[in-house]
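Shown next, in structure tokens, is the structure this report addresses.
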Amino acid sequence: MADWQTLTDDLARQGYVAAPDLAMALALAVALGRPLLLEGAAGVGKTEVARALAAAREARLIRLQCYEGLDASHAIYEWNYQRQLLAIRASAEAGETGKAVEERIFSEDYLLKRPLLEAITQEMPPVLLIDEIDRADEEFEAYLLEVLSDFQITIPELGTITATARPIVILTANGTRDLSDALRRRCLYAYVDYPDRATEIAIIASRCPQIEAHLAAQIVGFVQSVRKEELEKKPGIAEMLDFAAALAGLGVNDLTDDPVILQASLATLLKTQRDRANFTTEVAQRLAGVAA
Amino acid sequence: MTRVTKFATRDAGPAARVAGFMAHLRGNGLRLGVGEAETALAALAQVQASNPAEARMALRAVCTGSADEARAFDAMFDAFWLNGGRVATRMAPGGDANLSHTRSTATAEGPEAAGAGERHAPDGSDEGQAEGGGEGRLVATGVDSLMKKDLRDIVSREDIAQAERVAQALGRALRDRRSRRRRAARKGAQIDLRRALRQSLATGGEPLHLPRRTRPDRPVKIAALCDVSGSMVAYARPFLAFLVGLMRHDATADAYLFHTRLVRITEAMRDPDPMRTLNKLTLLSDGFGGGSRIGENLTRFARTYARRFVDGRTIVFILSDGYDTGEGAEIGDALVELKRRGCRIVWLNPLAGWADYAPVAQGMAAALPHLDAFHPANTLDRIAALAQELDRI
């Protein structure tokens, strides 16, 4: 069996149902040692796939959440100033020489590793998830390119730290801004779309096994038609699972049974006031009727 | 469609075919280099390359880099690998070049494949053409436009002096305070521990001097696009004065005119004499008073200049009345595309100053949801009043 099929099965064992495209891209990223860029709408399971991959490989997941203004001291390393100060005080009383103190307080013991440095100093190759890279600004993107191509980081006081194990790098983006061509070229690419009907039913079966096949099919049909409506924020897979769990918790066996319960459980799917207001009982019943 | 392409038996082998496929993709506008070809081969070695479904997925992961490319990839893949022996596709010349020359030495293969790539290159790089073409055409038509309106009759020196003050006020209002990085500064809210510690070593661990750091203001770039179509002539005075004032005040600002075409006027505006700048503007705005294709021009802007000059710290000003001779919906699409650069968009509409104006023009209605701000502006004073409101975006 090919690598990517094995990987699909491994991910399935972690409760992640991966489309063939995505599994292939992941398998190639692992085999070729290239970073993988995942793009897609919010809530299609981009972050989750990294988690599942880490669990499947029994590797550590190191996550770097990007935001605007993210800088080196949060992404790479920072000195532990408080410890350094204490060490200087203690050494003054012990009568240590200045040179010895300096060597000691700028050693690895006093270094706070942030995700990027952490990821390249592991013994086992970890999964490094760089989440929402499009939120970080362009300077950081450029710096990241350097780290991703050399897998080494230079700290002025310590020297250059080279990777002991190459992490499997997964970047996610959901289109806050365009990414640079340089970054896109460096990475393999997969576009993660909302799953098709069969996949989504498989996801329910794997995550909420207590739900019967009949209701699962109805839920998926309903959620997929909700996504086709004009909404400010389309429900993702996590919302769909919440919705399914809510229905299961309320003891619903058939979507069309009780309009009031259906309307109430929409709170798990629709997350803005305007969407909620537009989604009247009639609309919900029409979609539920079609789904059933 | 589903039959695998039959390559000639004297074909040079899988590596050459992949190179041919890369040239085919390049011809269809994907930006791929030698590095990608190498990765593609490495990727194919990892899968069962003889299985079309697997090869398709592997090559898609390597060769595409954005959602649009990923969507278009299937058709390109089919055209090259699964055309069932037909050679009538776009790829035919490149493929033939590869095949017919394999009887010569193996080294002839490389340059030949590259040649096929180049032959396609002009298709892919029409952005470059559009830019070059735009400026070239200006020179050619500059002469007869002299007979048209002279902007020096419309805008006076005093106007420009006032506009410069307006631009200055705007510039102050638009300073970006979003930076979260901190930089060393003499007065700052936070102590720079790293430096403090470093310096304290010299004084035996006593931090005698406390360096500080602060969040610097980040400069905002302005890109202004001014509509100079017929319906805008009445408002040309404040808008052109504003453009000139803006460019004279702010060295990083960027300016464009559009009517039926889009023209970058940034270089022309960098002239110490404001009246000479106006004269140049007159020459550049050939077609002043004609129809306007706002959607088309905004799309062109988003795809060409914006890639170079617009980023997350840019504010794009569009000075236009929103009357478009093209499709209204195109404006919306263009703004979405522009927005993806991370910029903020402000639309200044002269008509909005009227008592009961409603943005019903098709183009304006399509644009509204994508704007960060929409303001009336029919005189310089109105533009000056924007400073407070723009403070918020």
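Just so we're on the same page: first chain in the structure tokens is A, next is B, and so on; residues restart at 1 for each chain, and ligands are numbered from 1 in the order they show up.
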Find the residues around stretch 47-64 of chain A up to 10 Å (only C-alpha atoms counted), leave out those fewer than 6 positions away in its own chain, and share them as a VMD selection string.
chain A and resid 7 to 18 22 to 23 26 38 74 to 76 114 to 116 118 to 119 122 124 to 133 167 to 173 238
Skipping near chain neighbours, those fewer than 2 positions away, what residues fall within 10 Å of A:Ala29 using only C-alpha atoms, listed as a PDB file with all heavy atoms, in the first residue's frame?
```pdb
ATOM      1  N   ALA A  23      -4.334  13.968   1.927  1.00  0.00           N
ATOM      2  CA  ALA A  23      -3.470  12.892   2.414  1.00  0.00           C
ATOM      3  C   ALA A  23      -2.217  12.798   1.549  1.00  0.00           C
ATOM      4  O   ALA A  23      -1.101  12.638   2.054  1.00  0.00           O
ATOM      5  CB  ALA A  23      -4.229  11.572   2.399  1.00  0.00           C
ATOM      6  N   MET A  24      -2.412  12.932   0.231  1.00  0.00           N
ATOM      7  CA  MET A  24      -1.269  12.872  -0.677  1.00  0.00           C
ATOM      8  C   MET A  24      -0.305  14.014  -0.402  1.00  0.00           C
ATOM      9  O   MET A  24       0.906  13.812  -0.308  1.00  0.00           O
ATOM     10  CB  MET A  24      -1.777  12.941  -2.124  1.00  0.00           C
ATOM     11  CG  MET A  24      -0.692  13.056  -3.150  1.00  0.00           C
ATOM     12  SD  MET A  24       0.354  11.598  -3.201  1.00  0.00           S
ATOM     13  CE  MET A  24      -0.518  10.595  -4.381  1.00  0.00           C
ATOM     14  N   ALA A  25      -0.836  15.228  -0.251  1.00  0.00           N
ATOM     15  CA  ALA A  25       0.027  16.376   0.010  1.00  0.00           C
ATOM     16  C   ALA A  25       0.795  16.186   1.315  1.00  0.00           C
ATOM     17  O   ALA A  25       1.995  16.485   1.386  1.00  0.00           O
ATOM     18  CB  ALA A  25      -0.811  17.653   0.049  1.00  0.00           C
ATOM     19  N   LEU A  26       0.111  15.678   2.326  1.00  0.00           N
ATOM     20  CA  LEU A  26       0.776  15.447   3.611  1.00  0.00           C
ATOM     21  C   LEU A  26       1.888  14.411   3.472  1.00  0.00           C
ATOM     22  O   LEU A  26       3.002  14.602   3.958  1.00  0.00           O
ATOM     23  CB  LEU A  26      -0.234  14.935   4.635  1.00  0.00           C
ATOM     24  CG  LEU A  26      -1.057  15.958   5.401  1.00  0.00           C
ATOM     25  CD1 LEU A  26      -2.101  15.253   6.245  1.00  0.00           C
ATOM     26  CD2 LEU A  26      -0.159  16.794   6.290  1.00  0.00           C
ATOM     27  N   ALA A  27       1.556  13.307   2.771  1.00  0.00           N
ATOM     28  CA  ALA A  27       2.543  12.237   2.616  1.00  0.00           C
ATOM     29  C   ALA A  27       3.773  12.753   1.881  1.00  0.00           C
ATOM     30  O   ALA A  27       4.911  12.436   2.242  1.00  0.00           O
ATOM     31  CB  ALA A  27       1.922  11.065   1.868  1.00  0.00           C
ATOM     32  N   ALA A  31       7.581  12.942   3.092  1.00  0.00           N
ATOM     33  CA  ALA A  31       8.610  12.205   2.359  1.00  0.00           C
ATOM     34  C   ALA A  31       9.685  13.135   1.799  1.00  0.00           C
ATOM     35  O   ALA A  31      10.863  12.796   1.798  1.00  0.00           O
ATOM     36  CB  ALA A  31       7.962  11.405   1.232  1.00  0.00           C
ATOM     37  N   LEU A  32       9.288  14.300   1.308  1.00  0.00           N
ATOM     38  CA  LEU A  32      10.257  15.194   0.666  1.00  0.00           C
ATOM     39  C   LEU A  32      10.856  16.200   1.639  1.00  0.00           C
ATOM     40  O   LEU A  32      11.745  16.960   1.285  1.00  0.00           O
ATOM     41  CB  LEU A  32       9.596  15.959  -0.483  1.00  0.00           C
ATOM     42  CG  LEU A  32       8.957  15.123  -1.589  1.00  0.00           C
ATOM     43  CD1 LEU A  32       8.306  16.028  -2.624  1.00  0.00           C
ATOM     44  CD2 LEU A  32       9.985  14.239  -2.261  1.00  0.00           C
ATOM     45  N   GLY A  33      10.328  16.250   2.859  1.00  0.00           N
ATOM     46  CA  GLY A  33      10.849  17.201   3.834  1.00  0.00           C
ATOM     47  C   GLY A  33      10.564  18.645   3.476  1.00  0.00           C
ATOM     48  O   GLY A  33      11.343  19.533   3.797  1.00  0.00           O
ATOM     49  N   ARG A  34       9.439  18.877   2.807  1.00  0.00           N
ATOM     50  CA  ARG A  34       9.086  20.261   2.452  1.00  0.00           C
ATOM     51  C   ARG A  34       7.945  20.734   3.334  1.00  0.00           C
ATOM     52  O   ARG A  34       7.124  19.942   3.774  1.00  0.00           O
ATOM     53  CB  ARG A  34       8.616  20.312   0.987  1.00  0.00           C
ATOM     54  CG  ARG A  34       9.657  19.892  -0.014  1.00  0.00           C
ATOM     55  CD  ARG A  34      10.654  20.995  -0.252  1.00  0.00           C
ATOM     56  NE  ARG A  34      10.089  22.073  -1.009  1.00  0.00           N
ATOM     57  CZ  ARG A  34      10.221  22.207  -2.327  1.00  0.00           C
ATOM     58  NH1 ARG A  34      10.896  21.319  -3.013  1.00  0.00           N
ATOM     59  NH2 ARG A  34       9.695  23.222  -2.955  1.00  0.00           N
ATOM     60  N   PRO A  35       7.890  22.040   3.596  1.00  0.00           N
ATOM     61  CA  PRO A  35       6.740  22.561   4.332  1.00  0.00           C
ATOM     62  C   PRO A  35       5.464  22.429   3.492  1.00  0.00           C
ATOM     63  O   PRO A  35       5.546  22.444   2.256  1.00  0.00           O
ATOM     64  CB  PRO A  35       7.081  24.026   4.563  1.00  0.00           C
ATOM     65  CG  PRO A  35       8.366  24.291   3.902  1.00  0.00           C
ATOM     66  CD  PRO A  35       8.867  23.066   3.253  1.00  0.00           C
ATOM     67  N   LEU A  36       4.330  22.317   4.164  1.00  0.00           N
ATOM     68  CA  LEU A  36       3.062  22.195   3.440  1.00  0.00           C
ATOM     69  C   LEU A  36       2.180  23.378   3.802  1.00  0.00           C
ATOM     70  O   LEU A  36       1.951  23.664   4.973  1.00  0.00           O
ATOM     71  CB  LEU A  36       2.368  20.887   3.823  1.00  0.00           C
ATOM     72  CG  LEU A  36       0.944  20.685   3.310  1.00  0.00           C
ATOM     73  CD1 LEU A  36       0.941  20.606   1.790  1.00  0.00           C
ATOM     74  CD2 LEU A  36       0.331  19.430   3.883  1.00  0.00           C
ATOM     75  N   LEU A  37       1.715  24.071   2.782  1.00  0.00           N
ATOM     76  CA  LEU A  37       0.827  25.216   3.000  1.00  0.00           C
ATOM     77  C   LEU A  37      -0.611  24.776   2.771  1.00  0.00           C
ATOM     78  O   LEU A  37      -0.950  24.279   1.701  1.00  0.00           O
ATOM     79  CB  LEU A  37       1.194  26.345   2.036  1.00  0.00           C
ATOM     80  CG  LEU A  37       0.252  27.545   1.986  1.00  0.00           C
ATOM     81  CD1 LEU A  37       0.210  28.263   3.314  1.00  0.00           C
ATOM     82  CD2 LEU A  37       0.678  28.509   0.891  1.00  0.00           C
ATOM     83  N   ILE A 168       8.367  18.466  10.697  1.00  0.00           N
ATOM     84  CA  ILE A 168       7.403  18.477   9.598  1.00  0.00           C
ATOM     85  C   ILE A 168       6.617  19.768   9.744  1.00  0.00           C
ATOM     86  O   ILE A 168       5.956  19.977  10.759  1.00  0.00           O
ATOM     87  CB  ILE A 168       6.450  17.275   9.701  1.00  0.00           C
ATOM     88  CG1 ILE A 168       7.246  15.983   9.611  1.00  0.00           C
ATOM     89  CG2 ILE A 168       5.390  17.349   8.623  1.00  0.00           C
ATOM     90  CD1 ILE A 168       6.469  14.772  10.049  1.00  0.00           C
ATOM     91  N   VAL A 169       6.739  20.646   8.766  1.00  0.00           N
ATOM     92  CA  VAL A 169       6.161  21.978   8.925  1.00  0.00           C
ATOM     93  C   VAL A 169       4.829  22.077   8.189  1.00  0.00           C
ATOM     94  O   VAL A 169       4.742  21.752   7.010  1.00  0.00           O
ATOM     95  CB  VAL A 169       7.119  23.059   8.395  1.00  0.00           C
ATOM     96  CG1 VAL A 169       6.547  24.434   8.656  1.00  0.00           C
ATOM     97  CG2 VAL A 169       8.481  22.914   9.036  1.00  0.00           C
ATOM     98  N   ILE A 170       3.810  22.512   8.890  1.00  0.00           N
ATOM     99  CA  ILE A 170       2.515  22.748   8.258  1.00  0.00           C
ATOM    100  C   ILE A 170       2.123  24.197   8.502  1.00  0.00           C
ATOM    101  O   ILE A 170       2.112  24.659   9.642  1.00  0.00           O
ATOM    102  CB  ILE A 170       1.442  21.801   8.826  1.00  0.00           C
ATOM    103  CG1 ILE A 170       1.802  20.368   8.449  1.00  0.00           C
ATOM    104  CG2 ILE A 170       0.072  22.167   8.290  1.00  0.00           C
ATOM    105  CD1 ILE A 170       0.830  19.346   8.922  1.00  0.00           C
ATOM    106  N   CYS A 187       6.794  26.013  -0.504  1.00  0.00           N
ATOM    107  CA  CYS A 187       5.927  25.019   0.139  1.00  0.00           C
ATOM    108  C   CYS A 187       5.202  24.147  -0.885  1.00  0.00           C
ATOM    109  O   CYS A 187       4.968  24.553  -2.011  1.00  0.00           O
ATOM    110  CB  CYS A 187       4.859  25.731   0.962  1.00  0.00           C
ATOM    111  SG  CYS A 187       5.491  26.783   2.238  1.00  0.00           S
ATOM    112  N   LEU A 188       4.853  22.942  -0.450  1.00  0.00           N
ATOM    113  CA  LEU A 188       3.830  22.196  -1.178  1.00  0.00           C
ATOM    114  C   LEU A 188       2.505  22.841  -0.819  1.00  0.00           C
ATOM    115  O   LEU A 188       2.394  23.531   0.174  1.00  0.00           O
ATOM    116  CB  LEU A 188       3.837  20.730  -0.755  1.00  0.00           C
ATOM    117  CG  LEU A 188       5.131  19.966  -0.990  1.00  0.00           C
ATOM    118  CD1 LEU A 188       4.947  18.519  -0.598  1.00  0.00           C
ATOM    119  CD2 LEU A 188       5.555  20.062  -2.440  1.00  0.00           C
ATOM    120  N   TYR A 189       1.492  22.557  -1.635  1.00  0.00           N
ATOM    121  CA  TYR A 189       0.243  23.287  -1.435  1.00  0.00           C
ATOM    122  C   TYR A 189      -0.952  22.355  -1.482  1.00  0.00           C
ATOM    123  O   TYR A 189      -0.995  21.425  -2.285  1.00  0.00           O
ATOM    124  CB  TYR A 189       0.097  24.344  -2.534  1.00  0.00           C
ATOM    125  CG  TYR A 189      -1.183  25.127  -2.460  1.00  0.00           C
ATOM    126  CD1 TYR A 189      -1.266  26.247  -1.647  1.00  0.00           C
ATOM    127  CD2 TYR A 189      -2.311  24.745  -3.175  1.00  0.00           C
ATOM    128  CE1 TYR A 189      -2.429  26.965  -1.552  1.00  0.00           C
ATOM    129  CE2 TYR A 189      -3.480  25.466  -3.088  1.00  0.00           C
ATOM    130  CZ  TYR A 189      -3.538  26.578  -2.268  1.00  0.00           C
ATOM    131  OH  TYR A 189      -4.695  27.286  -2.174  1.00  0.00           O
TER     132      TYR A 189
ATOM    133  N   ALA B  43       8.611  13.920  -6.170  1.00  0.00           N
ATOM    134  CA  ALA B  43       7.283  13.558  -5.676  1.00  0.00           C
ATOM    135  C   ALA B  43       6.751  12.341  -6.427  1.00  0.00           C
ATOM    136  O   ALA B  43       6.168  11.436  -5.825  1.00  0.00           O
ATOM    137  CB  ALA B  43       6.328  14.731  -5.838  1.00  0.00           C
ATOM    138  N   ALA B  61      -0.059  18.943  -5.640  1.00  0.00           N
ATOM    139  CA  ALA B  61       0.521  19.454  -4.397  1.00  0.00           C
ATOM    140  C   ALA B  61       1.806  20.227  -4.678  1.00  0.00           C
ATOM    141  O   ALA B  61       2.095  21.227  -4.036  1.00  0.00           O
ATOM    142  CB  ALA B  61       0.805  18.306  -3.441  1.00  0.00           C
ATOM    143  N   VAL B  62       2.567  19.771  -5.677  1.00  0.00           N
ATOM    144  CA  VAL B  62       3.851  20.411  -5.947  1.00  0.00           C
ATOM    145  C   VAL B  62       3.682  21.670  -6.802  1.00  0.00           C
ATOM    146  O   VAL B  62       4.270  22.704  -6.525  1.00  0.00           O
ATOM    147  CB  VAL B  62       4.802  19.428  -6.656  1.00  0.00           C
ATOM    148  CG1 VAL B  62       6.076  20.149  -7.077  1.00  0.00           C
ATOM    149  CG2 VAL B  62       5.116  18.258  -5.753  1.00  0.00           C
TER     150      VAL B  62
END
```
Enter the distance from atom CA of A:Arg227 to atom CA of A:Tyr194, in Å, rounded to one decimal.
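We find that atom CA of A:Arg227 and atom CA of A:Tyr194 lie 9.2 Å from each other.
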Distance limit 6 Å, atoms considered: only C-alpha atoms. Which chain B residues sit that close to chain A? Return them as an MDAnalysis selection string.
chainID B and resid 57 61:62 65 67 180:181 205 340:342
From a backbone DSSP assignment, name each residue in stretch 7-230 of chain A labelled strand (DSSP E or B), as a ChimeraX atom specification.
/A:36-39,61-65,77-79,111-113,127-131,152-155,159-162,168-173,188-191
Write a file of the just-selected residues containing N, CA, C and O atoms, as a short mmCIF file (atom, residue, chain, number, x, y, z; two decimals), in the first residue's frame.
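Okay, this is what ended up in part-v3.cif:
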```cif
data_model
loop_
_atom_site.label_atom_id
_atom_site.label_comp_id
_atom_site.auth_asym_id
_atom_site.auth_seq_id
_atom_site.Cartn_x
_atom_site.Cartn_y
_atom_site.Cartn_z
N LEU A 36 4.33 22.32 4.16
CA LEU A 36 3.06 22.19 3.44
C LEU A 36 2.18 23.38 3.80
O LEU A 36 1.95 23.66 4.97
N LEU A 37 1.71 24.07 2.78
CA LEU A 37 0.83 25.22 3.00
C LEU A 37 -0.61 24.78 2.77
O LEU A 37 -0.95 24.28 1.70
N LEU A 38 -1.45 24.93 3.80
CA LEU A 38 -2.86 24.58 3.67
C LEU A 38 -3.68 25.85 3.64
O LEU A 38 -3.55 26.69 4.51
N GLU A 39 -4.52 25.97 2.62
CA GLU A 39 -5.40 27.12 2.56
C GLU A 39 -6.83 26.63 2.53
O GLU A 39 -7.11 25.53 2.05
N LEU A 61 3.49 18.03 18.92
CA LEU A 61 2.96 19.11 18.09
C LEU A 61 3.40 20.43 18.70
O LEU A 61 3.14 20.70 19.87
N ILE A 62 4.13 21.21 17.92
CA ILE A 62 4.54 22.52 18.41
C ILE A 62 3.81 23.55 17.58
O ILE A 62 3.87 23.54 16.36
N ARG A 63 3.08 24.43 18.25
CA ARG A 63 2.20 25.33 17.52
C ARG A 63 2.65 26.77 17.69
O ARG A 63 2.94 27.21 18.80
N LEU A 64 2.71 27.47 16.58
CA LEU A 64 3.00 28.90 16.62
C LEU A 64 1.80 29.62 16.03
O LEU A 64 1.53 29.53 14.84
N GLN A 65 1.07 30.30 16.89
CA GLN A 65 -0.09 31.06 16.41
C GLN A 65 0.40 32.44 15.97
O GLN A 65 1.01 33.16 16.74
N TYR A 77 13.10 32.99 20.36
CA TYR A 77 13.66 32.77 21.69
C TYR A 77 13.62 34.08 22.47
O TYR A 77 13.43 35.15 21.93
N GLU A 78 13.84 33.96 23.75
CA GLU A 78 13.94 35.11 24.64
C GLU A 78 14.83 34.67 25.79
O GLU A 78 14.82 33.50 26.16
N TRP A 79 15.62 35.58 26.31
CA TRP A 79 16.42 35.22 27.48
C TRP A 79 15.54 35.29 28.71
O TRP A 79 14.65 36.14 28.80
N LEU A 111 17.90 30.19 28.46
CA LEU A 111 17.21 30.53 27.22
C LEU A 111 15.78 30.03 27.27
O LEU A 111 15.53 28.88 27.62
N LEU A 112 14.84 30.90 26.97
CA LEU A 112 13.45 30.46 26.85
C LEU A 112 13.19 30.16 25.39
O LEU A 112 13.26 31.06 24.55
N LYS A 113 12.95 28.90 25.09
CA LYS A 113 12.73 28.55 23.69
C LYS A 113 11.30 28.86 23.30
O LYS A 113 10.37 28.43 23.96
N VAL A 127 5.97 17.85 14.75
CA VAL A 127 5.15 18.54 13.76
C VAL A 127 5.07 20.00 14.19
O VAL A 127 4.65 20.29 15.31
N LEU A 128 5.52 20.89 13.32
CA LEU A 128 5.48 22.32 13.64
C LEU A 128 4.31 22.95 12.89
O LEU A 128 4.29 22.96 11.66
N LEU A 129 3.34 23.43 13.64
CA LEU A 129 2.17 24.04 13.02
C LEU A 129 2.29 25.56 13.11
O LEU A 129 2.32 26.12 14.21
N ILE A 130 2.40 26.21 11.97
CA ILE A 130 2.45 27.67 11.95
C ILE A 130 1.08 28.14 11.51
O ILE A 130 0.75 28.10 10.33
N ASP A 131 0.28 28.53 12.49
CA ASP A 131 -1.14 28.73 12.24
C ASP A 131 -1.42 30.16 11.79
O ASP A 131 -0.90 31.10 12.37
N GLN A 152 18.14 26.53 10.65
CA GLN A 152 19.06 26.94 11.70
C GLN A 152 18.74 28.35 12.15
O GLN A 152 18.19 29.14 11.41
N ILE A 153 19.09 28.62 13.41
CA ILE A 153 18.76 29.91 14.01
C ILE A 153 20.00 30.45 14.67
O ILE A 153 20.72 29.71 15.35
N THR A 154 20.29 31.73 14.45
CA THR A 154 21.47 32.32 15.05
C THR A 154 21.09 33.18 16.24
O THR A 154 20.24 34.05 16.14
N ILE A 155 21.72 32.90 17.37
CA ILE A 155 21.52 33.72 18.56
C ILE A 155 22.86 34.40 18.84
O ILE A 155 23.86 33.71 19.03
N GLY A 159 25.64 31.67 19.38
CA GLY A 159 26.09 31.12 18.12
C GLY A 159 24.93 30.52 17.36
O GLY A 159 23.77 30.73 17.72
N THR A 160 25.27 29.76 16.30
CA THR A 160 24.21 29.23 15.45
C THR A 160 23.75 27.87 15.95
O THR A 160 24.56 27.01 16.26
N ILE A 161 22.45 27.71 16.04
CA ILE A 161 21.89 26.43 16.46
C ILE A 161 21.32 25.75 15.23
O ILE A 161 20.45 26.29 14.56
N THR A 162 21.86 24.57 14.91
CA THR A 162 21.40 23.84 13.73
C THR A 162 20.39 22.79 14.16
O THR A 162 20.48 22.25 15.26
N ILE A 168 8.37 18.47 10.70
CA ILE A 168 7.40 18.48 9.60
C ILE A 168 6.62 19.77 9.74
O ILE A 168 5.96 19.98 10.76
N VAL A 169 6.74 20.65 8.77
CA VAL A 169 6.16 21.98 8.92
C VAL A 169 4.83 22.08 8.19
O VAL A 169 4.74 21.75 7.01
N ILE A 170 3.81 22.51 8.89
CA ILE A 170 2.52 22.75 8.26
C ILE A 170 2.12 24.20 8.50
O ILE A 170 2.11 24.66 9.64
N LEU A 171 1.87 24.92 7.42
CA LEU A 171 1.43 26.31 7.55
C LEU A 171 -0.04 26.38 7.16
O LEU A 171 -0.45 25.73 6.20
N THR A 172 -0.81 27.18 7.86
CA THR A 172 -2.18 27.36 7.42
C THR A 172 -2.44 28.83 7.16
O THR A 172 -1.78 29.70 7.73
N ALA A 173 -3.37 29.09 6.24
CA ALA A 173 -3.72 30.47 5.90
C ALA A 173 -5.18 30.49 5.51
O ALA A 173 -5.67 29.53 4.92
N LEU A 188 4.85 22.94 -0.45
CA LEU A 188 3.83 22.20 -1.18
C LEU A 188 2.50 22.84 -0.82
O LEU A 188 2.39 23.53 0.17
N TYR A 189 1.49 22.56 -1.64
CA TYR A 189 0.24 23.29 -1.43
C TYR A 189 -0.95 22.36 -1.48
O TYR A 189 -1.00 21.42 -2.28
N ALA A 190 -1.89 22.58 -0.62
CA ALA A 190 -3.17 21.87 -0.74
C ALA A 190 -4.28 22.82 -0.35
O ALA A 190 -4.15 23.56 0.64
N TYR A 191 -5.32 22.85 -1.15
CA TYR A 191 -6.48 23.66 -0.81
C TYR A 191 -7.49 22.76 -0.12
O TYR A 191 -7.88 21.74 -0.67
#
```
Using only C-alpha atoms, which protein or nucleic acid residues come within 9 Å of A:Ala198? Drop anything in the same chain fewer than 4 positions from it, and give the result as a ChimeraX atom specification.
/A:202-203,217,220
Those residues with all heavy atoms, as a PDB file, in the first residue's frame please?
```pdb
ATOM      1  N   ALA A 202     -18.792  10.413   7.124  1.00  0.00           N
ATOM      2  CA  ALA A 202     -17.735   9.614   7.763  1.00  0.00           C
ATOM      3  C   ALA A 202     -17.179  10.338   8.980  1.00  0.00           C
ATOM      4  O   ALA A 202     -16.831   9.709   9.988  1.00  0.00           O
ATOM      5  CB  ALA A 202     -16.625   9.323   6.758  1.00  0.00           C
ATOM      6  N   ILE A 203     -17.098  11.683   8.889  1.00  0.00           N
ATOM      7  CA  ILE A 203     -16.571  12.454  10.030  1.00  0.00           C
ATOM      8  C   ILE A 203     -17.510  12.312  11.229  1.00  0.00           C
ATOM      9  O   ILE A 203     -17.061  12.084  12.355  1.00  0.00           O
ATOM     10  CB  ILE A 203     -16.399  13.938   9.646  1.00  0.00           C
ATOM     11  CG1 ILE A 203     -15.293  14.075   8.614  1.00  0.00           C
ATOM     12  CG2 ILE A 203     -16.075  14.776  10.870  1.00  0.00           C
ATOM     13  CD1 ILE A 203     -15.134  15.469   8.049  1.00  0.00           C
ATOM     14  N   ALA A 217     -27.025  11.409   8.074  1.00  0.00           N
ATOM     15  CA  ALA A 217     -27.226  11.821   6.683  1.00  0.00           C
ATOM     16  C   ALA A 217     -28.063  13.093   6.623  1.00  0.00           C
ATOM     17  O   ALA A 217     -27.787  14.003   5.844  1.00  0.00           O
ATOM     18  CB  ALA A 217     -27.896  10.701   5.902  1.00  0.00           C
ATOM     19  N   VAL A 220     -25.913  16.134   7.769  1.00  0.00           N
ATOM     20  CA  VAL A 220     -24.956  16.548   6.739  1.00  0.00           C
ATOM     21  C   VAL A 220     -25.680  17.249   5.591  1.00  0.00           C
ATOM     22  O   VAL A 220     -25.258  18.314   5.127  1.00  0.00           O
ATOM     23  CB  VAL A 220     -24.151  15.334   6.242  1.00  0.00           C
ATOM     24  CG1 VAL A 220     -23.339  15.716   5.018  1.00  0.00           C
ATOM     25  CG2 VAL A 220     -23.244  14.826   7.333  1.00  0.00           C
TER      26      VAL A 220
END
```
Taking only stretch 46-217 of chain A into account, list the residues labelled helix (DSSP H, G or I) by DSSP (computed from the backbone), as a VMD selection string.
chain A and resid 46 to 56 72 to 75 81 to 94 98 to 105 108 to 110 115 to 120 133 to 135 138 to 150 181 to 186 197 to 207 213 to 217
Just the residues within 7 Å of stretch 245-259 of chain B, please, counting only C-alpha atoms, with nothing from its chain fewer than 6 positions along; format it as a list of chain:residue names.
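With the cut-off at 7 Å, the set is B:Ile160, B:Ala163, B:Glu164, B:Ala167, B:Gln168, B:Lys221, B:Ile222, B:Ala223, B:Ala224, B:Leu225, B:Cys226, B:Asp227, B:Val228, B:Ser229, B:Ile265, B:Thr266, B:Met269, B:Gly287, B:Phe288, B:Gly290, B:Gly291, B:Ser292, B:Arg293, B:Asn297.
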Nearest-residue call for A:Arg166, choices A:Ala19, A:Ala213, A:Lys233, A:Val30, using only C-alpha atoms:
A:Val30
